[in-house]
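Listing of protein-v9.txt; format and content: compact mmCIF, C-alpha atoms.
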# COMPACT_ATOMS: atom_id res chain seq x y z
CA MET A 1 -107.70 -7.21 -30.30
CA ILE A 2 -111.19 -5.79 -30.87
CA SER A 3 -111.20 -6.84 -34.52
CA SER A 4 -110.02 -10.34 -33.56
CA ILE A 5 -113.05 -10.70 -31.25
CA PHE A 6 -115.79 -8.97 -33.20
CA GLY A 7 -114.28 -9.40 -36.66
CA LYS A 8 -115.98 -12.79 -36.85
CA THR A 9 -119.31 -14.23 -35.77
CA LYS A 10 -118.64 -16.18 -32.59
CA PRO A 11 -120.84 -17.28 -29.66
CA ILE A 12 -118.58 -15.32 -27.31
CA ASN A 13 -119.67 -12.11 -29.07
CA TYR A 14 -123.29 -12.74 -28.13
CA ILE A 15 -122.32 -13.56 -24.56
CA LEU A 16 -120.32 -10.34 -24.20
CA ILE A 17 -122.95 -8.10 -25.79
CA LEU A 18 -125.96 -9.65 -24.04
CA SER A 19 -124.24 -9.67 -20.65
CA PHE A 20 -123.22 -6.04 -20.99
CA LEU A 21 -126.70 -4.94 -22.12
CA PHE A 22 -128.31 -6.83 -19.25
CA VAL A 23 -126.09 -5.14 -16.65
CA PHE A 24 -126.18 -1.72 -18.29
CA TYR A 25 -129.99 -1.75 -18.54
CA TRP A 26 -130.49 -2.13 -14.79
CA PHE A 27 -127.55 0.18 -14.09
CA THR A 28 -129.22 2.88 -16.20
CA VAL A 29 -132.66 2.40 -14.67
CA PHE A 30 -131.73 2.24 -11.00
CA ILE A 31 -128.42 4.13 -10.77
CA LEU A 32 -127.97 6.60 -13.64
CA TYR A 33 -131.58 7.81 -13.55
CA SER A 34 -132.57 6.54 -10.09
CA ILE A 35 -135.98 5.27 -11.19
CA PRO A 36 -137.78 4.10 -8.03
CA TYR A 37 -138.64 0.44 -7.84
CA ASN A 38 -142.28 -0.14 -8.70
CA SER A 39 -143.77 -3.61 -8.56
CA ASN A 40 -146.39 -2.56 -11.12
CA SER A 41 -143.80 -1.61 -13.75
CA ILE A 42 -141.08 -4.17 -13.07
CA LEU A 43 -142.82 -6.76 -15.24
CA LEU A 44 -142.91 -4.35 -18.17
CA GLN A 45 -139.24 -3.55 -17.61
CA ILE A 46 -138.36 -7.24 -17.68
CA VAL A 47 -140.31 -7.67 -20.92
CA ALA A 48 -138.62 -4.61 -22.45
CA LEU A 49 -135.19 -5.92 -21.46
CA GLY A 50 -135.98 -9.31 -22.98
CA VAL A 51 -137.08 -7.62 -26.19
CA LEU A 52 -133.93 -5.47 -26.24
CA LEU A 53 -131.72 -8.54 -25.85
CA PHE A 54 -133.63 -10.35 -28.59
CA ASP A 55 -133.00 -7.34 -30.86
CA ILE A 56 -129.37 -8.45 -31.01
CA PHE A 57 -130.35 -11.73 -32.67
CA ILE A 58 -132.80 -10.03 -35.03
CA ILE A 59 -130.18 -7.47 -36.11
CA ASN A 60 -127.58 -10.15 -36.72
CA PHE A 61 -130.09 -12.26 -38.64
CA ILE A 62 -131.09 -9.35 -40.90
CA VAL A 63 -127.55 -8.36 -41.84
CA LYS A 64 -126.43 -11.95 -42.45
CA ARG A 65 -129.55 -13.10 -44.32
CA ASN A 66 -129.51 -10.09 -46.65
CA LYS A 67 -125.70 -9.93 -46.86
CA ILE A 68 -125.77 -6.29 -45.80
CA THR A 69 -122.37 -6.56 -44.15
CA ALA A 70 -119.49 -9.00 -44.20
CA ASP A 71 -119.28 -11.90 -41.76
CA HIS A 72 -118.52 -10.07 -38.52
CA SER A 73 -120.23 -8.81 -35.35
CA TYR A 74 -119.55 -5.10 -35.69
CA THR A 75 -123.24 -4.35 -36.19
CA ILE A 76 -124.36 -5.65 -32.80
CA LEU A 77 -121.30 -4.05 -31.20
CA PHE A 78 -122.18 -0.61 -32.60
CA PHE A 79 -125.83 -1.09 -31.62
CA THR A 80 -124.71 -1.51 -28.00
CA LEU A 81 -122.36 1.47 -28.19
CA LEU A 82 -125.15 3.73 -29.48
CA ILE A 83 -127.21 2.76 -26.44
CA LEU A 84 -124.27 3.94 -24.33
CA ILE A 85 -124.39 7.31 -26.09
CA PHE A 86 -128.17 7.58 -25.64
CA PRO A 87 -128.87 5.67 -22.38
CA GLU A 88 -132.21 7.43 -21.92
CA THR A 89 -133.62 5.18 -24.64
CA LEU A 90 -133.63 2.37 -22.06
CA LEU A 91 -136.16 4.24 -19.91
CA ASP A 92 -138.90 4.12 -22.53
CA ASN A 93 -140.20 0.54 -22.50
CA TYR A 94 -142.77 1.25 -25.20
CA SER A 95 -140.12 2.65 -27.53
CA ILE A 96 -138.02 -0.50 -27.07
CA ILE A 97 -140.96 -2.76 -27.91
CA CYS A 98 -141.97 -0.51 -30.82
CA SER A 99 -138.46 -0.68 -32.29
CA PHE A 100 -138.52 -4.47 -32.04
CA PHE A 101 -141.65 -4.74 -34.18
CA LEU A 102 -140.22 -2.25 -36.68
CA LEU A 103 -137.14 -4.46 -37.05
CA ILE A 104 -139.37 -7.44 -37.82
CA ALA A 105 -141.25 -5.33 -40.39
CA LEU A 106 -137.98 -4.26 -42.01
CA ARG A 107 -136.86 -7.88 -42.17
CA ARG A 108 -139.97 -8.76 -44.18
CA LEU A 109 -139.56 -5.78 -46.48
CA LEU A 110 -135.93 -6.58 -47.26
CA SER A 111 -136.88 -10.16 -48.13
CA ILE A 112 -139.16 -8.89 -50.92
CA LYS A 113 -136.09 -8.61 -53.17
CA SER A 114 -136.46 -12.35 -53.83
CA LEU A 115 -139.78 -11.50 -55.56
CA LYS A 116 -141.45 -14.47 -53.85
CA SER A 117 -144.70 -14.22 -51.86
CA ILE A 118 -144.65 -10.44 -52.24
CA LYS A 119 -148.21 -9.84 -51.06
CA ILE A 120 -147.72 -11.94 -47.94
CA LYS A 121 -144.54 -10.06 -47.05
CA ILE A 122 -146.20 -6.70 -47.65
CA PHE A 123 -149.10 -7.75 -45.45
CA ASP A 124 -146.77 -8.96 -42.70
CA ALA A 125 -144.66 -5.80 -42.76
CA SER A 126 -147.74 -3.55 -42.66
CA MET A 127 -149.17 -5.57 -39.81
CA TRP A 128 -145.96 -5.34 -37.76
CA ILE A 129 -145.75 -1.59 -38.35
CA ALA A 130 -149.36 -1.19 -37.21
CA ILE A 131 -148.57 -3.21 -34.07
CA ALA A 132 -145.51 -1.02 -33.45
CA SER A 133 -147.71 2.07 -33.72
CA LEU A 134 -149.86 0.75 -30.88
CA PHE A 135 -146.87 1.43 -28.64
CA TYR A 136 -145.72 4.64 -30.34
CA ASP A 137 -148.24 6.43 -32.56
CA TRP A 138 -145.75 8.11 -34.91
CA ALA A 139 -144.37 4.69 -35.91
CA ILE A 140 -147.23 4.48 -38.39
CA LEU A 141 -145.09 6.71 -40.64
CA PHE A 142 -143.00 3.65 -41.47
CA LEU A 143 -145.82 2.62 -43.80
CA ILE A 144 -144.08 5.03 -46.18
CA LEU A 145 -141.28 2.47 -46.32
CA VAL A 146 -143.75 -0.22 -47.35
CA TYR A 147 -144.94 1.79 -50.33
CA ILE A 148 -141.39 2.69 -51.34
CA THR A 149 -140.55 -1.03 -51.27
CA ILE A 150 -143.53 -1.76 -53.52
CA TYR A 151 -142.39 0.98 -55.89
CA LEU A 152 -138.86 -0.45 -56.05
CA TYR A 153 -139.77 -4.10 -56.61
CA ASN A 154 -143.25 -4.60 -58.03
CA PRO A 155 -145.12 -1.34 -58.70
CA LYS A 156 -147.23 -2.55 -61.62
CA ASN A 157 -149.38 -4.92 -59.57
CA ILE A 158 -152.20 -2.72 -58.26
CA ARG A 159 -153.14 -5.21 -55.55
CA ASN A 160 -149.76 -4.72 -53.88
CA TRP A 161 -150.70 -1.10 -53.16
CA ILE A 162 -153.92 -2.18 -51.44
CA VAL A 163 -152.41 -4.89 -49.22
CA PRO A 164 -150.93 -2.44 -46.61
CA PHE A 165 -154.41 -1.06 -45.90
CA ILE A 166 -155.63 -4.61 -45.26
CA GLY A 167 -152.71 -5.34 -42.92
CA VAL A 168 -153.27 -2.16 -40.90
CA ALA A 169 -157.05 -2.64 -40.79
CA THR A 170 -156.58 -6.22 -39.56
CA VAL A 171 -154.44 -5.07 -36.63
CA PHE A 172 -156.76 -2.21 -35.70
CA LEU A 173 -159.85 -4.42 -35.79
CA ILE A 174 -158.26 -7.07 -33.58
CA ALA A 175 -156.79 -4.42 -31.26
CA SER A 176 -160.16 -2.68 -30.96
CA ALA A 177 -161.82 -5.94 -30.00
CA VAL A 178 -159.13 -6.63 -27.37
CA PHE A 179 -159.40 -3.14 -25.87
CA ILE A 180 -163.17 -3.48 -25.68
CA LEU A 181 -162.75 -6.78 -23.83
CA ILE A 182 -160.40 -5.17 -21.29
CA ASN A 183 -162.77 -2.24 -20.89
CA GLN A 184 -160.65 0.36 -22.70
CA PRO A 185 -162.70 1.00 -25.85
CA GLU A 186 -161.31 4.52 -26.34
CA TYR A 187 -157.64 3.52 -26.28
CA ILE A 188 -157.00 3.74 -30.03
CA LEU A 189 -158.75 7.09 -30.41
CA ASN A 190 -156.84 8.52 -27.45
CA HIS A 191 -153.54 6.95 -28.48
CA TYR A 192 -153.18 8.32 -32.01
CA LYS A 193 -152.82 12.02 -31.23
CA PHE A 194 -149.68 12.63 -33.34
CA THR A 195 -148.55 15.54 -31.19
CA VAL A 196 -145.62 17.61 -32.44
CA SER A 197 -143.12 19.15 -30.06
CA THR A 198 -139.90 20.45 -31.59
CA THR A 199 -139.09 23.16 -29.04
CA SER A 200 -138.63 21.01 -25.97
CA GLU A 201 -136.28 21.90 -23.16
CA TYR A 202 -134.42 18.68 -23.89
CA LEU A 203 -133.29 19.81 -27.34
CA LEU A 204 -132.66 23.38 -26.23
CA GLU A 205 -130.00 22.19 -23.79
CA TRP A 206 -126.71 22.32 -25.71
CA ARG A 207 -125.37 19.02 -24.36
CA HIS A 208 -128.33 17.11 -25.77
CA SER A 209 -128.65 19.02 -29.02
CA LEU A 210 -124.91 18.75 -29.73
CA ARG A 211 -124.98 15.01 -29.12
CA LEU A 212 -128.02 14.53 -31.34
CA LEU A 213 -126.80 16.74 -34.19
CA THR A 214 -123.36 15.13 -34.14
CA TYR A 215 -124.97 11.71 -34.38
CA ILE A 216 -127.26 12.74 -37.26
CA PHE A 217 -124.58 14.43 -39.34
CA ALA A 218 -122.06 11.65 -38.71
CA ILE A 219 -124.49 9.00 -39.96
CA LEU A 220 -125.54 11.15 -42.95
CA PHE A 221 -121.85 11.50 -43.83
CA LEU A 222 -121.42 7.72 -43.68
CA ILE A 223 -124.51 7.30 -45.87
CA VAL A 224 -122.99 9.52 -48.56
CA LEU A 225 -119.72 7.59 -48.42
CA MET A 226 -121.56 4.28 -48.61
CA PHE A 227 -123.61 5.19 -51.67
CA ILE A 228 -120.50 6.47 -53.44
CA LYS A 229 -118.97 3.08 -52.81
CA LEU A 230 -122.15 1.28 -53.94
CA SER A 231 -122.31 3.12 -57.26
CA SER A 232 -120.76 0.10 -58.99
CA SER A 233 -122.76 -2.50 -57.06
CA GLY A 234 -125.75 -4.42 -58.28
CA GLN A 235 -129.24 -2.94 -58.19
CA GLY A 236 -130.38 -5.45 -55.57
CA ARG A 237 -127.84 -4.31 -52.97
CA ILE A 238 -128.44 -0.65 -53.79
CA ASN A 239 -132.20 -1.06 -53.23
CA THR A 240 -131.56 -2.80 -49.91
CA MET A 241 -129.38 0.06 -48.72
CA ARG A 242 -131.92 2.60 -49.98
CA LEU A 243 -134.59 1.03 -47.79
CA ILE A 244 -132.28 1.03 -44.77
CA ASN A 245 -131.43 4.66 -45.48
CA ILE A 246 -135.12 5.62 -45.64
CA PHE A 247 -135.72 3.69 -42.43
CA PHE A 248 -133.09 5.88 -40.77
CA LEU A 249 -134.55 9.11 -42.16
CA ILE A 250 -138.07 8.25 -41.01
CA GLY A 251 -136.76 7.40 -37.54
CA ILE A 252 -134.87 10.70 -37.31
CA THR A 253 -137.95 12.60 -38.49
CA ILE A 254 -140.08 10.98 -35.78
CA THR A 255 -137.42 11.77 -33.17
CA LEU A 256 -137.33 15.45 -34.13
CA LEU A 257 -141.11 15.74 -34.44
CA ASN A 258 -141.94 14.37 -31.03
CA SER A 259 -139.04 14.92 -28.65
CA ASN A 260 -141.21 16.03 -25.74
CA HIS A 261 -138.70 15.76 -22.93
CA GLU A 262 -136.38 13.06 -24.24
CA ILE A 263 -135.35 11.42 -27.49
CA SER A 264 -136.10 7.75 -26.87
CA PRO A 265 -137.59 7.34 -30.39
CA ILE A 266 -134.03 7.63 -31.70
CA LEU A 267 -133.71 3.96 -30.78
CA MET A 268 -135.57 3.32 -34.06
CA THR A 269 -132.55 4.63 -35.98
CA PHE A 270 -129.90 2.52 -34.28
CA PHE A 271 -130.12 -0.46 -36.64
CA PRO A 272 -129.60 1.49 -39.89
CA ALA A 273 -126.93 3.59 -38.19
CA THR A 274 -125.01 0.46 -37.18
CA VAL A 275 -125.24 -0.85 -40.74
CA PHE A 276 -123.63 2.32 -42.11
CA MET A 277 -120.97 2.26 -39.38
CA SER A 278 -120.16 -1.39 -40.07
CA ASN A 279 -119.89 -0.77 -43.79
CA TYR A 280 -117.50 2.09 -43.13
CA ILE A 281 -115.27 -0.09 -40.93
CA GLU A 282 -115.16 -2.63 -43.76
CA THR A 283 -113.71 0.01 -46.09
CA ILE A 284 -110.67 0.41 -43.82
CA LYS A 285 -108.13 -1.96 -45.34
CA LYS A 286 -105.19 -1.49 -42.97
CA PRO A 287 -105.67 -3.71 -39.86
CA THR A 288 -103.89 -1.25 -37.60
CA VAL A 289 -106.09 1.67 -38.67
CA ARG A 290 -109.21 -0.49 -38.34
CA GLU A 291 -108.17 -1.51 -34.84
CA ILE A 292 -107.63 2.13 -33.84
CA ALA A 293 -111.04 3.08 -35.26
CA LEU A 294 -112.73 0.27 -33.32
CA ILE A 295 -110.97 1.17 -30.07
CA ALA A 296 -111.97 4.82 -30.54
CA SER A 297 -115.58 3.82 -31.24
CA ILE A 298 -115.66 1.98 -27.90
CA ILE A 299 -113.85 4.59 -25.81
CA ILE A 300 -115.79 7.63 -27.09
CA PRO A 301 -119.27 6.39 -25.96
CA PHE A 302 -117.92 5.73 -22.46
CA ILE A 303 -116.36 9.19 -22.36
CA ILE A 304 -119.66 10.77 -23.47
CA LEU A 305 -121.48 8.79 -20.79
CA LEU A 306 -119.05 9.89 -18.09
CA ILE A 307 -119.08 13.54 -19.13
CA ARG A 308 -122.86 13.61 -19.00
CA PHE A 309 -123.23 12.14 -15.54
CA ILE A 310 -120.20 13.59 -13.77
Output the structure of this file as structure tokens.
Amino acid sequence: MISSIFGKTKPINYILILSFLFVFYWFTVFILYSIPYNSNSILLQIVALGVLLFDIFIINFIVKRNKITADHSYTILFFTLLILIFPETLLDNYSIICSFFLLIALRRLLSIKSLKSIKIKIFDASMWIAIASLFYDWAILFLILVYITIYLYNPKNIRNWIVPFIGVATVFLIASAVFILINQPEYILNHYKFTVSTTSEYLLEWRHSLRLLTYIFAILFLIVLMFIKLSSSGQGRINTMRLINIFFLIGITITLLNSNHEISPILMTFFPATVFMSNYIETIKKPTVREIALIASIIIPFIILLIRFI
């Protein structure tokens, strides 16, 4: 039944996923975590929810445009299920917005494989990453992905290596001017502190650490399986999956480096994780086994959610 619904790209899939995310977002904010209603923050929450819902379309566009997965909706389904496992990600509005801009940056980087308008795409990706870092300082580390992309596709053109600096400088100059106009000239200097906190009470609690470590090792296991399968694929697809893999590793590194009292930055890793999960489901040839795996992947997040809050 699950595979018959999400095994293809249908409008009903978007309706189901978007409706569930909409309800679950407000359920998490006001019931699970009992965040008090604040008229000053409600606008930001509405914007964050809108961005989160739009992520579904961006994710589906990326996987279909770059042929990362087959023609199905498993990716957006798994993205939603990961939010169920880590509902605290919905409390950090800045992390949601940051992840959105990182997805746009990744979309531009993956399109470089066409070898058309490379400098423009590098500039765009660097710019989006810089904008993402305005919401979450450690996101600037994703510039590493830009340089790895340059190395994979067009390393001999020296100007390609300079373009990311121009993209970042453009964003910072415009942002500085805006912050001066709104009377916050010190925002950028105060924002980029790059604090490191790896001994937080959050991670020391076994329920959280077990959940996080299980997630990390499960995805790393799927990555190994995927690259074994891709060993006979073309170089273009392998490079695409390499970039998605590095995206995941950078996101996990940021999560572990700065998990002050929660792990909301892990939202950055959800897209690559869903790609690996979807590719694994595709390897299951028997329909019955695939159906069982999909049902289990839906039931387990709900069980984890219930165990945590009961």
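If you measure from each of A:Ile244, A:Leu152, A:Leu106, A:Ala175 to Ile131 (chain A) using all atoms listed in the file, the closest one turns out to be A:Ala175.
Put simply, CA of Phe100 (chain A) is 10.9 Å away from CA of Phe57 (chain A).
Going from CA of Phe135 (chain A) to CA of Ile166 (chain A) covers 19.7 Å.
Closest approach to Phe79 (chain A) among A:Leu53, A:Arg107, A:Leu213, A:Arg242: A:Leu53, based on only C-alpha atoms.
You will find CA of Met226 (chain A) at 7.1 Å from CA of Phe276 (chain A).
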Applying 7 Å and only C-alpha atoms, which residues near Leu143 (chain A) remain after dropping the ones on its own chain fewer than 3 positions away? List them as a VMD selection string.
chain A and resid 126 129 140 146 to 147
Written selection (C-alpha atoms) as an mmCIF file, in the frame of the given file:
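Produced file selection.cif, reproduced below:
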data_model
loop_
_atom_site.group_PDB
_atom_site.id
_atom_site.type_symbol
_atom_site.label_atom_id
_atom_site.label_comp_id
_atom_site.auth_asym_id
_atom_site.auth_seq_id
_atom_site.Cartn_x
_atom_site.Cartn_y
_atom_site.Cartn_z
ATOM 1 C CA SER A 126 -147.740 -3.550 -42.660
ATOM 2 C CA ILE A 129 -145.750 -1.590 -38.350
ATOM 3 C CA ILE A 140 -147.230 4.480 -38.390
ATOM 4 C CA VAL A 146 -143.750 -0.220 -47.350
ATOM 5 C CA TYR A 147 -144.940 1.790 -50.330
#
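Residues lying within 12 Å of region 13-15 of chain A, counting only C-alpha atoms and ignoring same-chain neighbours fewer than 3 positions away, are A:Ile2, A:Ser3, A:Ser4, A:Ile5, A:Phe6, A:Gly7, A:Lys8, A:Thr9, A:Lys10, A:Leu18, A:Ser19, A:Phe20, A:Leu21, A:Phe22, A:Leu53, A:Phe54, A:Asp55, A:Ile56, A:Phe57, A:Ile59, A:Asn60, A:His72, A:Ser73, A:Tyr74, A:Thr75, A:Ile76, A:Leu77, A:Thr80.
Among the candidate residues A:Tyr151, A:Ile219, A:Leu110, A:Val168, the one lying nearest to Ile62 (chain A) is A:Leu110, with distances computed using all atoms listed in the file.
Minimum distance to Ile281 (chain A) across A:Leu84, A:Val178, A:Ile303, A:Ile295 (counting all atoms listed in the file) occurs at A:Ile295.
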List the spatial neighbours of Leu145 (chain A) as a ChimeraX atom specification - criterion: any atom at most 8 Å away, only C-alpha atoms, same-chain residues fewer than 6 positions off excluded.
/A:243,246-247
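Comparing the minimum interatomic distances between Ile223 (chain A) and each of A:Ala177, A:Leu257, A:Met277, A:Ile35, counting only C-alpha atoms, we find that A:Met277 sits nearest.
When all atoms listed in the file are used to measure the gap to Thr274 (chain A), the shortest distance among A:Cys98, A:Leu230, A:Leu81, A:Ala48 belongs to A:Leu81.
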Using all atoms listed in the file, collect all residues at a distance of at most 10 Å from (-143.2, -7.6, -47.7) as written in the file, then present them as a list in words.
Ala105, Leu106, Arg107, Arg108, Leu109, Leu110, Ser111, Ile112, Lys113, Leu115, Lys116, Ser117, Ile118, Lys119, Ile120, Lys121, Ile122, Phe123, Asp124, Ala125, Ser126, Val146, Tyr147, Thr149, Ile150, Asn160, Val163 and Pro164 of chain A
Who sits within 7 Å of Ile266 (chain A), all atoms listed in the file, same chain under 4 positions skipped, as a PyMOL selection string
chain A and resi 251-252+255
Can you tell me, as lines of an AutoDock Vina configuration file, the centre and edge lengths (Å, one decimal) of the axis-aligned box enclosing all of region 264-280 of chain A's listed atoms after padding each side by 6 Å?
center_x = -127.5
center_y = 3.2
center_z = -35.3
size_x = 32.1
size_y = 21.1
size_z = 28.9
